file final12.txt (compact mmCIF, C-alpha atoms (C1' of nucleotides))
# COMPACT_ATOMS: atom_id res chain seq x y z
CA MET A 27 0.00 0.00 0.00
CA ARG A 28 1.23 3.51 -0.83
CA ILE A 29 0.24 6.58 1.17
CA SER A 30 1.47 10.07 0.31
CA THR A 31 1.32 13.60 1.70
CA TRP A 32 1.74 16.71 -0.46
CA ASN A 33 1.24 20.44 0.06
CA ILE A 34 -0.02 21.15 -3.45
CA ASN A 35 -0.49 24.97 -3.08
CA SER A 36 -3.89 25.26 -4.82
CA ILE A 37 -5.74 22.30 -6.33
CA ARG A 38 -7.14 24.49 -9.11
CA SER A 39 -3.61 25.39 -10.24
CA ARG A 40 -2.18 21.90 -9.66
CA LEU A 41 -4.96 19.51 -10.81
CA PRO A 42 -3.21 18.03 -13.88
CA ARG A 43 0.02 17.50 -11.97
CA VAL A 44 -1.74 15.93 -8.98
CA LEU A 45 -3.76 13.47 -11.08
CA ASP A 46 -0.68 12.60 -13.12
CA PHE A 47 1.30 11.99 -9.92
CA LEU A 48 -1.46 9.80 -8.44
CA CYS A 49 -1.64 7.50 -11.46
CA ARG A 50 2.06 7.45 -12.29
CA SER A 51 3.17 6.78 -8.70
CA ASN A 52 0.49 4.17 -7.97
CA VAL A 53 -0.61 6.02 -4.83
CA ASP A 54 -3.55 4.55 -2.85
CA VAL A 55 -4.07 7.46 -0.45
CA LEU A 56 -3.01 11.09 -0.95
CA ALA A 57 -3.25 13.65 1.85
CA MET A 58 -3.23 17.13 0.33
CA GLN A 59 -2.65 20.48 2.02
CA GLU A 60 -3.27 24.08 0.89
CA ILE A 61 -6.03 23.23 -1.56
CA LYS A 62 -6.92 26.96 -1.40
CA CYS A 63 -10.59 26.59 -2.28
CA ARG A 64 -14.02 25.98 -0.87
CA VAL A 65 -15.49 22.46 -0.82
CA SER A 66 -17.81 23.47 -3.70
CA GLN A 67 -14.83 24.56 -5.82
CA PHE A 68 -12.85 21.32 -5.42
CA PRO A 69 -12.66 19.27 -8.67
CA VAL A 70 -14.23 16.14 -7.20
CA GLU A 71 -15.37 14.82 -10.60
CA ALA A 72 -11.83 14.83 -11.98
CA PHE A 73 -10.66 12.66 -9.08
CA LEU A 74 -13.60 10.27 -9.53
CA ALA A 75 -12.80 9.99 -13.24
CA SER A 76 -9.24 9.04 -12.27
CA GLY A 77 -10.48 6.31 -9.91
CA TYR A 78 -10.31 8.14 -6.59
CA GLN A 79 -12.92 9.15 -4.03
CA VAL A 80 -11.99 12.42 -2.35
CA PHE A 81 -12.80 14.05 0.99
CA VAL A 82 -12.46 17.82 1.35
CA ASN A 83 -12.20 20.41 4.12
CA GLY A 84 -12.02 23.89 2.60
CA LEU A 85 -13.63 27.24 3.53
CA ASN A 86 -12.10 29.95 1.33
CA GLN A 87 -8.90 30.81 -0.55
CA TRP A 88 -6.71 30.09 2.46
CA ASN A 89 -5.45 26.78 3.81
CA GLY A 90 -7.73 23.79 3.12
CA VAL A 91 -6.95 20.06 3.21
CA ALA A 92 -8.23 17.00 1.35
CA ILE A 93 -7.65 13.24 1.15
CA ALA A 94 -7.99 11.18 -2.03
CA VAL A 95 -8.52 7.44 -1.61
CA ARG A 96 -8.51 4.81 -4.35
CA ALA A 97 -12.16 4.09 -5.18
CA ASP A 98 -12.03 0.39 -4.27
CA LEU A 99 -10.78 1.05 -0.72
CA ASP A 100 -13.20 1.44 2.17
CA ALA A 101 -13.02 4.96 3.59
CA GLN A 102 -14.97 6.81 6.28
CA VAL A 103 -14.64 10.44 7.31
CA LEU A 104 -13.50 10.91 10.91
CA GLY A 105 -13.89 14.66 10.96
CA THR A 106 -12.14 18.00 10.85
CA GLU A 107 -11.71 18.35 14.60
CA PHE A 108 -9.33 16.67 17.04
CA SER A 109 -10.27 15.33 20.42
CA GLY A 110 -7.78 17.98 21.55
CA LYS A 111 -9.77 21.11 20.71
CA ILE A 112 -8.31 22.93 17.69
CA PRO A 113 -7.73 26.59 18.59
CA GLN A 114 -9.09 29.49 16.58
CA PRO A 115 -6.63 31.86 14.91
CA PRO A 116 -5.89 35.20 16.62
CA PHE A 117 -7.92 37.15 14.06
CA GLY A 118 -11.08 36.90 12.02
CA LYS A 119 -14.62 37.89 12.74
CA PRO A 120 -16.62 35.93 13.43
CA PRO A 121 -14.05 33.52 14.92
CA VAL A 122 -13.76 30.33 12.90
CA VAL A 123 -11.69 27.14 13.05
CA GLU A 124 -9.47 27.20 9.95
CA PRO A 125 -9.58 24.18 7.60
CA ARG A 126 -6.21 22.67 8.53
CA ALA A 127 -7.16 19.11 9.47
CA LEU A 128 -9.10 16.24 7.95
CA GLY A 129 -9.25 12.67 9.17
CA VAL A 130 -10.35 9.63 7.15
CA ARG A 131 -10.26 6.01 8.27
CA VAL A 132 -8.85 3.94 5.41
CA ALA A 133 -8.38 0.18 5.66
CA GLY A 134 -8.34 0.38 9.45
CA ILE A 135 -5.84 3.27 9.55
CA GLU A 136 -6.79 6.65 11.00
CA CYS A 137 -5.23 8.95 8.37
CA TRP A 138 -4.97 12.72 8.93
CA SER A 139 -4.05 15.45 6.45
CA LEU A 140 -2.58 18.34 8.46
CA TYR A 141 -1.56 21.88 7.61
CA VAL A 142 0.14 23.30 10.69
CA PRO A 143 -0.09 27.12 11.00
CA ASN A 144 2.95 28.99 9.67
CA GLY A 145 3.59 31.15 12.74
CA ARG A 146 4.75 34.15 10.67
CA GLU A 147 7.20 35.73 13.16
CA ILE A 148 8.19 34.68 16.68
CA ASP A 149 6.55 37.76 18.22
CA ASN A 150 3.36 37.48 16.07
CA PRO A 151 0.17 36.19 17.76
CA HIS A 152 0.08 33.64 14.91
CA PHE A 153 3.12 31.98 16.50
CA ALA A 154 1.29 31.27 19.79
CA TYR A 155 -1.58 29.95 17.65
CA LYS A 156 0.84 27.57 15.93
CA LEU A 157 2.06 26.22 19.29
CA ALA A 158 -1.51 25.85 20.59
CA TRP A 159 -2.53 24.04 17.39
CA LEU A 160 0.35 21.58 17.80
CA GLU A 161 -0.65 21.01 21.43
CA ALA A 162 -4.18 20.13 20.30
CA LEU A 163 -2.68 17.56 17.92
CA ARG A 164 -0.49 16.14 20.69
CA SER A 165 -3.51 15.82 22.95
CA HIS A 166 -5.43 13.95 20.24
CA ALA A 167 -2.59 11.50 19.59
CA HIS A 168 -2.14 10.94 23.32
CA THR A 169 -5.84 10.26 23.80
CA LEU A 170 -5.92 7.88 20.81
CA LEU A 171 -3.03 5.81 22.17
CA ALA A 172 -4.26 5.94 25.77
CA ALA A 173 -7.55 4.39 24.62
CA ASN A 174 -5.83 1.81 22.41
CA PRO A 175 -2.03 1.38 22.51
CA THR A 176 -2.20 -0.72 19.32
CA ALA A 177 -4.15 1.93 17.35
CA LEU A 178 -3.14 2.49 13.72
CA GLY A 179 -2.85 6.24 13.24
CA LEU A 180 -1.02 8.33 10.64
CA PHE A 181 -0.62 12.12 10.96
CA MET A 182 0.73 13.49 7.70
CA GLY A 183 1.29 16.93 6.35
CA ASP A 184 3.08 20.23 6.24
CA PHE A 185 4.30 20.72 9.82
CA ASN A 186 5.99 24.05 9.07
CA ILE A 187 8.81 23.02 11.41
CA ALA A 188 12.38 22.05 10.55
CA PRO A 189 13.09 19.73 13.51
CA CYS A 190 16.85 19.49 12.91
CA ASP A 191 19.42 22.12 12.00
CA GLU A 192 20.26 20.02 8.91
CA ASP A 193 16.66 20.41 7.73
CA VAL A 194 17.41 23.89 6.35
CA TRP A 195 20.06 24.80 3.76
CA ASP A 196 21.87 27.13 6.16
CA ILE A 197 20.87 27.36 9.79
CA GLN A 198 22.67 30.74 10.02
CA GLU A 199 20.04 32.17 7.66
CA PHE A 200 17.33 31.25 10.18
CA VAL A 201 18.58 32.99 13.33
CA GLY A 202 15.51 34.47 15.00
CA ALA A 203 13.15 32.94 12.43
CA THR A 204 10.17 30.66 12.80
CA HIS A 205 10.31 26.97 11.74
CA VAL A 206 13.59 26.33 13.62
CA SER A 207 12.90 27.90 17.03
CA VAL A 208 13.19 25.97 20.31
CA PRO A 209 9.47 26.30 21.22
CA GLU A 210 8.43 24.89 17.82
CA ARG A 211 10.91 22.02 18.03
CA GLU A 212 9.74 21.26 21.57
CA ALA A 213 6.14 21.21 20.38
CA PHE A 214 7.14 18.81 17.57
CA ALA A 215 9.11 16.66 20.03
CA ARG A 216 6.10 16.42 22.35
CA LEU A 217 4.19 14.70 19.52
CA LEU A 218 6.74 11.88 19.55
CA GLN A 219 7.50 8.79 21.58
CA SER A 220 9.93 9.85 24.28
CA ASP A 221 12.67 7.38 23.29
CA THR A 222 12.76 8.65 19.69
CA LEU A 223 13.39 12.30 20.58
CA ALA A 224 17.17 12.53 20.57
CA GLN A 225 17.59 11.70 16.88
CA ALA A 226 14.37 13.47 15.82
CA VAL A 227 15.07 17.07 16.87
CA SER A 228 18.03 19.42 17.32
CA LEU A 229 17.54 20.37 20.97
CA ASP A 230 19.99 20.44 23.86
CA GLU A 231 20.07 17.59 26.38
CA THR A 232 18.24 19.60 29.00
CA ALA A 233 15.26 20.16 26.72
CA ILE A 234 15.27 16.56 25.50
CA SER A 235 15.33 15.12 29.01
CA ARG A 236 12.66 17.54 30.19
CA ILE A 237 10.33 16.51 27.34
CA GLY A 238 11.42 12.87 27.45
CA THR A 239 10.50 12.44 31.11
CA ASP A 240 7.01 13.72 30.41
CA SER A 241 6.00 10.33 28.98
CA THR A 242 2.56 10.29 30.64
CA ASN A 243 1.64 13.28 28.50
CA CYS A 244 3.52 12.81 25.21
CA GLY A 245 2.01 12.23 21.80
CA GLY A 246 3.62 8.80 21.51
CA LEU A 247 4.11 8.99 17.72
CA VAL A 248 7.07 8.01 15.53
CA GLU A 249 8.30 10.07 12.56
CA VAL A 250 8.51 7.46 9.79
CA THR A 251 9.85 9.29 6.72
CA ARG A 252 13.31 10.53 7.68
CA GLN A 253 15.09 7.18 7.98
CA PHE A 254 14.02 6.14 4.46
CA ALA A 255 13.75 9.51 2.73
CA PRO A 256 16.48 12.00 3.66
CA GLY A 257 16.51 15.42 2.04
CA TRP A 258 14.31 18.44 1.64
CA THR A 259 10.61 18.67 0.81
CA TYR A 260 10.18 22.41 0.16
CA TRP A 261 12.00 25.06 -1.87
CA ASP A 262 10.76 28.68 -1.81
CA TYR A 263 9.57 30.10 -5.14
CA GLN A 264 11.58 33.23 -4.42
CA LYS A 265 15.33 33.79 -4.69
CA ALA A 266 15.91 30.85 -7.02
CA ARG A 267 15.86 28.45 -4.06
CA TRP A 268 15.16 25.41 -6.26
CA ARG A 269 17.85 26.20 -8.82
CA ARG A 270 20.33 26.73 -5.99
CA ASN A 271 18.99 23.67 -4.11
CA GLN A 272 18.32 25.66 -0.95
CA GLY A 273 15.41 23.83 0.63
CA MET A 274 13.80 22.80 3.90
CA LYS A 275 12.53 19.53 5.33
CA ILE A 276 9.15 20.45 6.82
CA ASP A 277 6.73 17.76 5.56
CA PHE A 278 6.46 14.61 7.68
CA ALA A 279 4.41 11.55 8.57
CA LEU A 280 4.00 10.64 12.24
CA ALA A 281 2.69 7.15 12.94
CA THR A 282 1.48 5.33 16.01
CA PRO A 283 4.03 2.65 17.07
CA ASN A 284 2.04 -0.28 15.65
CA LEU A 285 1.72 1.43 12.27
CA ALA A 286 5.36 2.56 12.33
CA ASP A 287 6.31 -1.12 12.50
CA LYS A 288 4.50 -1.70 9.19
CA ILE A 289 6.35 1.01 7.21
CA THR A 290 8.76 -0.62 4.75
CA GLY A 291 10.01 2.46 2.92
CA ALA A 292 9.53 6.07 1.93
CA PHE A 293 10.70 8.47 -0.75
CA ILE A 294 10.50 12.14 -1.70
CA GLY A 295 9.13 12.93 -5.18
CA ARG A 296 11.73 15.59 -6.00
CA GLU A 297 10.81 15.56 -9.71
CA GLU A 298 7.55 17.31 -8.77
CA ARG A 299 9.50 20.52 -8.11
CA ASP A 300 10.51 20.61 -11.82
CA GLY A 301 8.50 21.35 -14.95
CA GLU A 302 5.39 23.44 -15.55
CA LYS A 303 3.72 25.17 -12.61
CA PRO A 304 5.17 23.15 -9.72
CA SER A 305 4.05 23.48 -6.10
CA ASP A 306 6.78 24.78 -3.80
CA HIS A 307 6.48 21.49 -1.86
CA VAL A 308 7.01 17.97 -3.23
CA PRO A 309 5.18 14.77 -2.21
CA VAL A 310 6.50 12.42 0.45
CA VAL A 311 5.46 8.80 -0.21
CA LEU A 312 5.22 5.98 2.35
CA GLU A 313 5.17 2.27 1.60
CA LEU A 314 3.39 -0.15 3.94
C1' DA B 8 19.98 42.88 -6.50
C1' DT B 9 15.49 41.48 -0.79
C1' DG B 10 19.12 36.66 -6.47
C1' DC B 11 11.08 40.08 -5.92
C1' DC B 12 7.75 34.22 -6.75
C1' DT B 13 2.93 32.26 -6.73
C1' DT B 14 -1.66 32.05 -5.25
C1' DC B 15 -6.02 34.03 -4.20
C1' DC B 16 -9.90 37.75 -4.45
C1' DT B 17 -16.71 40.40 -4.54
C1' DT B 18 -9.18 41.37 -8.47
C1' DC B 19 -5.03 45.21 -11.18
C1' DG B 20 -3.10 46.00 -5.22
C1' DG B 21 -2.74 43.49 -1.05
C1' DA B 22 -2.33 39.52 1.81
C1' DA B 23 -0.16 35.21 2.77
C1' DG B 24 3.13 31.85 2.36
C1' DA B 25 7.95 29.88 5.06
call {"tool": "encode", "arguments": {"input": "final12.txt", "output": "structure tokens"}}
result
Amino acid sequence: MRISTWNINSIRSRLPRVLDFLCRSNVDVLAMQEIKCRVSQFPVEAFLASGYQVFVNGLNQWNGVAIAVRADLDAQVLGTEFSGKIPQPPFGKPPVVEPRALGVRVAGIECWSLYVPNGREIDNPHFAYKLAWLEALRSHAHTLLAANPTALGLFMGDFNIAPCDEDVWDIQEFVGATHVSVPEREAFARLLQSDTLAQAVSLDETAISRIGTDSTNCGGLVEVTRQFAPGWTYWDYQKARWRRNQGMKIDFALATPNLADKITGAFIGREERDGEKPSDHVPVVLEL
DNA sequence: ATGCCTTCCTTCGGAAGA
């Protein structure tokens, strides 16, 4: 079975590329982020014609997530809300929960497509929102595993965090920036099983032991792409980042331990950053 | 050279992305 995650940066701009990728790569489940459209604007018929059922969470031109599942697979929507309450952004009237999460149960696996808030700048209210959003995700994962330690759960998407210094082309360029800060890396680490932290994030021993001892309240997940698929998943459109190969590794798949044991490989579809109208992210594909 | 790009909208300028 093949499961993929991809921040496509607008389904209406990327439809031919996404359908081509689905068929060519023999993908069974695709978690998409940044569809940038309302549910009514999503090209459902085109997916059906290509042999995929598709589930959509989209409100307007911002954010939005979807999951395509091969038509012959059994799939049920879980929802757009975590058991850990998803926070509202620090703006907007009336207040609304942004479409950044969608869960579908596929073949016994609880699959989530996630678009973690960007954070903007460290001192921006959006940054606190990002941390609160990640805490809601941690709470959900913790609750899932507390209820059933053998649960099969997969939390895929654009995490907007570079967990390790090597996950950006030059860490010196990111001094004082979001995506690499200690609070973000700690929030990412708290999603994980405590004994997988040391190799999963660039944090000092004090921070790792502090988070690691908090095992009664950790997410309990395992990041399952890095060991099979090293390298970056995003290159900014600006400043010729792709041509100069200056990228970031910010797209991941976090699995519950029982599902992590079933992962046999992963790869990054780098070729999707080339050619006509690419997204700035490329797909990450898991093999089970 | 801020190596200035891509997407969206009650659209031709601004917001957001990371």
call {"tool": "interface_residues", "arguments": {"input": "final12.txt", "of": "chain A", "to": "chain B", "cutoff": "12 Å", "atoms": "only C-alpha atoms (C1' of nucleotides)", "output": "VMD selection string"}}
result
chain A and resid 33 to 40 60 to 64 86 to 89 142 to 147 184 to 188 194 200 203 to 206 260 to 270 273 to 276 303 to 307
call {"tool": "atom_distance", "arguments": {"input": "final12.txt", "atom1": "atom CA of Gln114 of chain A", "atom2": "atom CA of Gly84 of chain A"}}
result
15.3 Å
call {"tool": "atom_distance", "arguments": {"input": "final12.txt", "atom1": "atom CA of Ala154 of chain A", "atom2": "atom CA of Trp258 of chain A"}}
result
25.8 Å
call {"tool": "residues_around", "arguments": {"input": "final12.txt", "residues": "Leu217 of chain A", "least_positions_apart": "3", "cutoff": "8 Å", "atoms": "only C-alpha atoms (C1' of nucleotides)", "output": "PyMOL selection string"}}
result
chain A and resi 163-164+167+213-214+244-247
call {"tool": "atom_distance", "arguments": {"input": "final12.txt", "atom1": "atom CA of Ser51 of chain A", "atom2": "atom CA of Phe73 of chain A"}}
result
15.0 Å
call {"tool": "residues_around", "arguments": {"input": "final12.txt", "residues": "segment 177-180 of chain A", "least_positions_apart": "3", "cutoff": "6 Å", "atoms": "all atoms listed in the file", "output": "PyMOL selection string"}}
result
chain A and resi 135-137+174+280-282+285
